[in-house]
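Presented below is the structure to which this report refers.
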Amino acid sequence: MSIIYKLSDHQLHPHLKFAIFDGNHHCDFADHKHDFSEMLLVTEGSGIHSVASHRYSIKKGDVFIINGDIEHGFSDVDNLSLINLMFDAPVPFFEQPSMRSLAGYQAMFKVEPIARQTSDYQAKLTLDDEQLPKVRNLLEEIRTEYNQGKAGFETMVTSMMQQLVVLLSRLYQGQESSKPQTTLALSRALVHIEKHLTQPELNSESIANAAFVSKRQLERLFRQFLDTSPTQYIRDAQLNKAKMLLLANSEFSIQAVADMSGFSDSNYFSKCFKTRFEMSPMAFRNQVLHEGL
């Protein structure tokens with residue numbers, strides 16, 4: 001049975017779902033799981049990273065994301081040193097809508113973590129000798145701000161994490177020629193969905209055109225990597241957006257929330273919302289308001 005590590009055991013500040021931790025491995029690190037996601041940067045050495053039943057070589061400069069419920073570990077290590085950034089899943093505290101419109105972000109945070117556990121997926125971001133010091137300096141600024149915990153540190157950590165993620169996303173896109181075409185196609189599809197989520201013309205055909213693949217291939221990619229269909233992915237994304245709107249503003253009418261989430265019919269929206277979250281939009285809002293009192 002795998003060891004399960006908890007984010008709460010690493011947090012310095014319980015109200016911020018985040019921790020930064022150094023991993024210096026001079027011997028193998030057994031397979032394990034955790035209740036958080038993490039971004040790992042290899043700062044020195046090398047080793048083998050096992051994810052589910054797959055094994056990958058890692059070395060200095062590699063950056064990758066691991067979802068919490070996935071079993072992974074390290075073997076054949078040679079002075080392997082990592083910086084772990086731990087954060088709550090499924091929606092990281094630093095995530096912004098604009099990030100989801102970056103192909104590099106979709107690839108690193110959405111596609112690769114799933115692809116790596118379901119196939120022999122070798123692609124990852126690797127920082128060169130010029131990029132690595134820049135990223136490490138930013139990580140040390142995040143660490144200092146987090147450890148010192150001065151007034152307003154939450155805002156500083158969040159903003160620096162956003163800067164880090166955008167930087168890595170841009171670097172990833174700069175290495176597109178070395179990435180599998182399936183990853184790039186799926187990333188383009190996810191970006192197109194993000195940009196057109198509330199538009200009625202959003203469908204599998206328009207997404208396939210934006211991703212430069214056939215409709216059949218698009219559906220195969222969604223099923224292979226995301227275990228869903230494009231239509232269901234869109235619906236889930238719209239419902240998640242609606243949930244965020246209900247949390248953010250209690251003055252929006254249910255019809256307004258439906259419209260802003262891509263639903264033209266508020267009754268159909270309420271039916272879909274109840275099926276997904278087991279309560280109506282109004283009941284969800286009332287529960288949130290009650291808990292906030």
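Numbering starts fresh at 1 for the residues of each chain in the structure tokens, the chains themselves are lettered A, B, ... in the order given, and ligands are numbered from 1 as they appear.
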TODO: Name the residues of segment 65-274 of chain A that come out as alpha helix (DSSP H) in a backbone DSSP run; write them as a ChimeraX atom specification.
DONE: /A:103-105,112-118,131-148,153-174,181-195,204-211,215-221,230-248,254-260,266-274
Using only C-alpha atoms, what table do you get, as a Markdown table, when you list each residue of segment 161-220 of chain A with an atom no more than 9 Å from segment 226-233 of chain A, its nearest pair of atoms, and their distance in Å rounded to one decimal, rows by chain then rising number?
| residue | atom | partner | partner_atom | distance |
| --- | --- | --- | --- | --- |
| A:Asn203 | CA | A:Thr231 | CA | 7.0 |
| A:Ser204 | CA | A:Pro230 | CA | 6.1 |
| A:Ile207 | CA | A:Pro230 | CA | 8.4 |
| A:Leu218 | CA | A:Pro230 | CA | 7.8 |
| A:Glu219 | CA | A:Ser229 | CA | 6.0 |
| A:Arg220 | CA | A:Ser229 | CA | 8.3 |
- [ ] Would you mind telling me which residue in A:Leu102, A:Leu139, A:Ala115, A:Ala123 lies nearest to Gln224 of chain A when using only C-alpha atoms?
- [x] A:Ala115
TODO: Write out as a list in words each polymer residue whose atoms come within 7 Å of Ala19 of chain A, counting only C-alpha atoms; drop sequence neighbours fewer than 2 positions from it.
DONE: His10, Gln11, Phe21, Leu85, Met86 and Phe87 of chain A
Please, could you write that set of residues out with all heavy atoms as a PDB file, in the first residue's frame?
ATOM      1  N   HIS A  10       3.227  19.881   5.329  1.00  0.00           N
ATOM      2  CA  HIS A  10       4.322  20.687   4.785  1.00  0.00           C
ATOM      3  C   HIS A  10       4.050  22.193   4.854  1.00  0.00           C
ATOM      4  O   HIS A  10       4.960  22.994   4.666  1.00  0.00           O
ATOM      5  CB  HIS A  10       4.585  20.306   3.325  1.00  0.00           C
ATOM      6  CG  HIS A  10       5.010  18.877   3.135  1.00  0.00           C
ATOM      7  ND1 HIS A  10       4.110  17.850   2.999  1.00  0.00           N
ATOM      8  CD2 HIS A  10       6.239  18.305   3.076  1.00  0.00           C
ATOM      9  CE1 HIS A  10       4.761  16.702   2.857  1.00  0.00           C
ATOM     10  NE2 HIS A  10       6.051  16.951   2.907  1.00  0.00           N
ATOM     11  N   GLN A  11       2.803  22.582   5.114  1.00  0.00           N
ATOM     12  CA  GLN A  11       2.438  23.993   5.105  1.00  0.00           C
ATOM     13  C   GLN A  11       2.983  24.735   6.319  1.00  0.00           C
ATOM     14  O   GLN A  11       2.859  24.268   7.452  1.00  0.00           O
ATOM     15  CB  GLN A  11       0.915  24.153   5.092  1.00  0.00           C
ATOM     16  CG  GLN A  11       0.245  23.733   3.795  1.00  0.00           C
ATOM     17  CD  GLN A  11      -1.267  23.741   3.939  1.00  0.00           C
ATOM     18  OE1 GLN A  11      -1.875  22.705   4.172  1.00  0.00           O
ATOM     19  NE2 GLN A  11      -1.861  24.921   3.816  1.00  0.00           N
ATOM     20  N   PHE A  21       9.407  22.939  -0.913  1.00  0.00           N
ATOM     21  CA  PHE A  21      10.185  21.945  -0.170  1.00  0.00           C
ATOM     22  C   PHE A  21      11.308  21.427  -1.052  1.00  0.00           C
ATOM     23  O   PHE A  21      11.125  21.179  -2.248  1.00  0.00           O
ATOM     24  CB  PHE A  21       9.257  20.792   0.230  1.00  0.00           C
ATOM     25  CG  PHE A  21       9.885  19.738   1.074  1.00  0.00           C
ATOM     26  CD1 PHE A  21      10.094  19.944   2.425  1.00  0.00           C
ATOM     27  CD2 PHE A  21      10.246  18.520   0.520  1.00  0.00           C
ATOM     28  CE1 PHE A  21      10.665  18.962   3.217  1.00  0.00           C
ATOM     29  CE2 PHE A  21      10.821  17.521   1.294  1.00  0.00           C
ATOM     30  CZ  PHE A  21      11.035  17.750   2.657  1.00  0.00           C
ATOM     31  N   LEU A  85       7.185  22.385  -5.529  1.00  0.00           N
ATOM     32  CA  LEU A  85       6.162  23.379  -5.242  1.00  0.00           C
ATOM     33  C   LEU A  85       4.850  22.627  -5.111  1.00  0.00           C
ATOM     34  O   LEU A  85       4.368  22.031  -6.072  1.00  0.00           O
ATOM     35  CB  LEU A  85       6.076  24.416  -6.363  1.00  0.00           C
ATOM     36  CG  LEU A  85       7.344  25.233  -6.617  1.00  0.00           C
ATOM     37  CD1 LEU A  85       7.149  26.163  -7.805  1.00  0.00           C
ATOM     38  CD2 LEU A  85       7.720  26.042  -5.391  1.00  0.00           C
ATOM     39  N   MET A  86       4.278  22.627  -3.927  1.00  0.00           N
ATOM     40  CA  MET A  86       3.077  21.857  -3.627  1.00  0.00           C
ATOM     41  C   MET A  86       1.876  22.786  -3.562  1.00  0.00           C
ATOM     42  O   MET A  86       1.942  23.844  -2.931  1.00  0.00           O
ATOM     43  CB  MET A  86       3.245  21.138  -2.292  1.00  0.00           C
ATOM     44  CG  MET A  86       4.530  20.339  -2.186  1.00  0.00           C
ATOM     45  SD  MET A  86       4.793  19.720  -0.510  1.00  0.00           S
ATOM     46  CE  MET A  86       6.389  18.909  -0.693  1.00  0.00           C
ATOM     47  N   PHE A  87       0.781  22.381  -4.195  1.00  0.00           N
ATOM     48  CA  PHE A  87      -0.407  23.232  -4.205  1.00  0.00           C
ATOM     49  C   PHE A  87      -1.655  22.373  -4.287  1.00  0.00           C
ATOM     50  O   PHE A  87      -1.634  21.224  -4.721  1.00  0.00           O
ATOM     51  CB  PHE A  87      -0.356  24.226  -5.372  1.00  0.00           C
ATOM     52  CG  PHE A  87      -0.002  23.610  -6.694  1.00  0.00           C
ATOM     53  CD1 PHE A  87      -0.972  23.091  -7.534  1.00  0.00           C
ATOM     54  CD2 PHE A  87       1.331  23.544  -7.112  1.00  0.00           C
ATOM     55  CE1 PHE A  87      -0.639  22.522  -8.757  1.00  0.00           C
ATOM     56  CE2 PHE A  87       1.677  22.983  -8.333  1.00  0.00           C
ATOM     57  CZ  PHE A  87       0.681  22.466  -9.157  1.00  0.00           C
TER      58      PHE A  87
END
Task: Exercise: Arg285 of chain A partners within 9 Å, only C-alpha atoms, chain neighbours under 2 positions left out, as a PyMOL selection string - done: chain A and resi 243+246-247+250+280-283+287-290
Task: Backbone-only DSSP, strand (DSSP E) members of segment 23-250 of chain A, as a PyMOL selection string - done: chain A and resi 23-25+29-34+37-51+54-59+62-66+72-87+125-126
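Omitting Leu202 of chain A and its sequence neighbours fewer than 5 positions away, and counting only C-alpha atoms, the residues within 9 Å are A:His192, A:Ile193, A:His196, A:Leu197, A:Ile207, A:Ile234.
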Which segment 109-226 of chain A residues have any atom within 9 Å of an atom of segment 257-269 of chain A, and for each, what is the nearest pair of atoms with distance in Å to one decimal, counting only C-alpha atoms, rows sorted by chain and number, as a Markdown table?
| residue | atom | partner | partner_atom | distance |
| --- | --- | --- | --- | --- |
| A:Leu197 | CA | A:Gly262 | CA | 6.5 |
| A:Thr198 | CA | A:Gly262 | CA | 3.7 |
| A:Gln199 | CA | A:Gly262 | CA | 6.2 |
| A:Pro200 | CA | A:Gly262 | CA | 7.0 |
Would you put the residues from that selection into a file with all heavy atoms, as a PDB file, in the first residue's frame?
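What landed in result24.pdb:
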ATOM      1  N   LEU A 197     -15.655  29.595 -24.638  1.00  0.00           N
ATOM      2  CA  LEU A 197     -16.464  28.730 -23.793  1.00  0.00           C
ATOM      3  C   LEU A 197     -17.945  29.097 -23.794  1.00  0.00           C
ATOM      4  O   LEU A 197     -18.811  28.221 -23.721  1.00  0.00           O
ATOM      5  CB  LEU A 197     -15.924  28.756 -22.358  1.00  0.00           C
ATOM      6  CG  LEU A 197     -16.577  27.803 -21.362  1.00  0.00           C
ATOM      7  CD1 LEU A 197     -16.405  26.358 -21.806  1.00  0.00           C
ATOM      8  CD2 LEU A 197     -15.978  28.001 -19.970  1.00  0.00           C
ATOM      9  N   THR A 198     -18.250  30.378 -23.866  1.00  0.00           N
ATOM     10  CA  THR A 198     -19.653  30.804 -23.747  1.00  0.00           C
ATOM     11  C   THR A 198     -20.315  31.060 -25.098  1.00  0.00           C
ATOM     12  O   THR A 198     -21.453  31.524 -25.144  1.00  0.00           O
ATOM     13  CB  THR A 198     -19.744  32.090 -22.904  1.00  0.00           C
ATOM     14  OG1 THR A 198     -19.015  33.146 -23.561  1.00  0.00           O
ATOM     15  CG2 THR A 198     -19.155  31.871 -21.519  1.00  0.00           C
ATOM     16  N   GLN A 199     -19.634  30.733 -26.169  1.00  0.00           N
ATOM     17  CA  GLN A 199     -20.192  31.007 -27.497  1.00  0.00           C
ATOM     18  C   GLN A 199     -20.962  29.804 -28.014  1.00  0.00           C
ATOM     19  O   GLN A 199     -20.486  28.668 -27.932  1.00  0.00           O
ATOM     20  CB  GLN A 199     -19.072  31.399 -28.457  1.00  0.00           C
ATOM     21  CG  GLN A 199     -18.341  32.675 -28.036  1.00  0.00           C
ATOM     22  CD  GLN A 199     -17.229  33.064 -28.981  1.00  0.00           C
ATOM     23  OE1 GLN A 199     -17.080  32.471 -30.043  1.00  0.00           O
ATOM     24  NE2 GLN A 199     -16.450  34.064 -28.601  1.00  0.00           N
ATOM     25  N   PRO A 200     -22.148  30.027 -28.578  1.00  0.00           N
ATOM     26  CA  PRO A 200     -22.997  28.915 -29.017  1.00  0.00           C
ATOM     27  C   PRO A 200     -22.407  28.090 -30.150  1.00  0.00           C
ATOM     28  O   PRO A 200     -22.758  26.926 -30.312  1.00  0.00           O
ATOM     29  CB  PRO A 200     -24.295  29.616 -29.460  1.00  0.00           C
ATOM     30  CG  PRO A 200     -23.898  31.033 -29.731  1.00  0.00           C
ATOM     31  CD  PRO A 200     -22.801  31.337 -28.762  1.00  0.00           C
TER      32      PRO A 200
END
Task: Neighbour list for segment 180-190 of chain A as a ChimeraX atom specification, cut-off 7 Å, only C-alpha atoms, skip fewer than 6 positions in-chain - done: /A:103,106-107,111,207-208,210-212,221
I need the residues from that last selection saved to file as an mmCIF file, in the first residue's frame (with all heavy atoms), if you can.
data_model
loop_
_atom_site.group_PDB
_atom_site.id
_atom_site.type_symbol
_atom_site.label_atom_id
_atom_site.label_comp_id
_atom_site.auth_asym_id
_atom_site.auth_seq_id
_atom_site.Cartn_x
_atom_site.Cartn_y
_atom_site.Cartn_z
ATOM 1 N N ALA A 103 -1.215 27.890 -24.513
ATOM 2 C CA ALA A 103 -1.037 26.496 -24.916
ATOM 3 C C ALA A 103 -0.015 25.799 -24.026
ATOM 4 O O ALA A 103 -0.171 24.618 -23.682
ATOM 5 C CB ALA A 103 -0.606 26.423 -26.382
ATOM 6 N N GLN A 106 -1.722 24.775 -20.741
ATOM 7 C CA GLN A 106 -2.601 23.624 -20.933
ATOM 8 C C GLN A 106 -1.784 22.348 -21.083
ATOM 9 O O GLN A 106 -2.133 21.301 -20.533
ATOM 10 C CB GLN A 106 -3.483 23.840 -22.171
ATOM 11 C CG GLN A 106 -4.518 24.950 -22.029
ATOM 12 C CD GLN A 106 -5.658 24.573 -21.102
ATOM 13 O OE1 GLN A 106 -5.711 23.485 -20.547
ATOM 14 N NE2 GLN A 106 -6.586 25.495 -20.915
ATOM 15 N N ALA A 107 -0.680 22.433 -21.818
ATOM 16 C CA ALA A 107 0.161 21.252 -22.032
ATOM 17 C C ALA A 107 0.804 20.786 -20.727
ATOM 18 O O ALA A 107 0.748 19.604 -20.376
ATOM 19 C CB ALA A 107 1.231 21.546 -23.070
ATOM 20 N N VAL A 111 -2.442 18.431 -19.828
ATOM 21 C CA VAL A 111 -2.247 17.286 -20.714
ATOM 22 C C VAL A 111 -1.142 16.353 -20.210
ATOM 23 O O VAL A 111 -1.358 15.149 -20.044
ATOM 24 C CB VAL A 111 -1.938 17.752 -22.151
ATOM 25 C CG1 VAL A 111 -1.716 16.544 -23.058
ATOM 26 C CG2 VAL A 111 -3.068 18.621 -22.691
ATOM 27 N N ILE A 207 -13.653 23.091 -32.707
ATOM 28 C CA ILE A 207 -12.464 22.797 -31.903
ATOM 29 C C ILE A 207 -11.439 22.044 -32.735
ATOM 30 O O ILE A 207 -10.237 22.332 -32.700
ATOM 31 C CB ILE A 207 -12.835 21.978 -30.656
ATOM 32 C CG1 ILE A 207 -13.811 22.760 -29.778
ATOM 33 C CG2 ILE A 207 -11.589 21.624 -29.851
ATOM 34 C CD1 ILE A 207 -14.438 21.927 -28.676
ATOM 35 N N ALA A 208 -11.901 21.066 -33.511
ATOM 36 C CA ALA A 208 -11.002 20.288 -34.367
ATOM 37 C C ALA A 208 -10.299 21.184 -35.371
ATOM 38 O O ALA A 208 -9.092 21.033 -35.627
ATOM 39 C CB ALA A 208 -11.782 19.190 -35.080
ATOM 40 N N ALA A 210 -9.618 24.349 -35.015
ATOM 41 C CA ALA A 210 -8.638 25.170 -34.296
ATOM 42 C C ALA A 210 -7.408 24.355 -33.902
ATOM 43 O O ALA A 210 -6.297 24.896 -33.808
ATOM 44 C CB ALA A 210 -9.276 25.773 -33.049
ATOM 45 N N ALA A 211 -7.591 23.054 -33.682
ATOM 46 C CA ALA A 211 -6.487 22.181 -33.276
ATOM 47 C C ALA A 211 -5.753 21.574 -34.467
ATOM 48 O O ALA A 211 -4.754 20.875 -34.287
ATOM 49 C CB ALA A 211 -7.020 21.067 -32.382
ATOM 50 N N PHE A 212 -6.262 21.819 -35.679
ATOM 51 C CA PHE A 212 -5.669 21.284 -36.912
ATOM 52 C C PHE A 212 -5.677 19.761 -36.948
ATOM 53 O O PHE A 212 -4.702 19.127 -37.362
ATOM 54 C CB PHE A 212 -4.238 21.812 -37.115
ATOM 55 C CG PHE A 212 -4.138 23.302 -37.070
ATOM 56 C CD1 PHE A 212 -3.367 23.931 -36.101
ATOM 57 C CD2 PHE A 212 -4.812 24.097 -37.988
ATOM 58 C CE1 PHE A 212 -3.274 25.305 -36.047
ATOM 59 C CE2 PHE A 212 -4.724 25.483 -37.936
ATOM 60 C CZ PHE A 212 -3.955 26.093 -36.969
ATOM 61 N N LEU A 221 -8.340 11.914 -29.015
ATOM 62 C CA LEU A 221 -7.392 12.542 -28.088
ATOM 63 C C LEU A 221 -8.044 12.850 -26.743
ATOM 64 O O LEU A 221 -7.442 12.637 -25.684
ATOM 65 C CB LEU A 221 -6.844 13.834 -28.701
ATOM 66 C CG LEU A 221 -5.886 13.683 -29.881
ATOM 67 C CD1 LEU A 221 -5.557 15.049 -30.472
ATOM 68 C CD2 LEU A 221 -4.610 12.975 -29.454
#
TODO: Compile the contact shell of Arg55 of chain A as an NGL selection string: residues with an atom at most 12 Å away, counting only C-alpha atoms, same-chain residues fewer than 3 positions apart removed.
DONE: :A and (31 or 47-52 or 58 or 71-76 or 116-122)
TODO: May I ask which of the residues A:His25, A:Lys6, A:Glu95, A:Leu40 is the closest one to Val135 of chain A, counting only C-alpha atoms?
DONE: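 So, comparing all the options, the nearest one is A:Leu40.
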Open item on the list: Rounded to one decimal, what separation in Å do you get between atom CA of Gln148 of chain A and atom CA of Phe18 of chain A?
Closed with: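 For atom CA of Gln148 of chain A relative to atom CA of Phe18 of chain A, the distance reads 14.2 Å.
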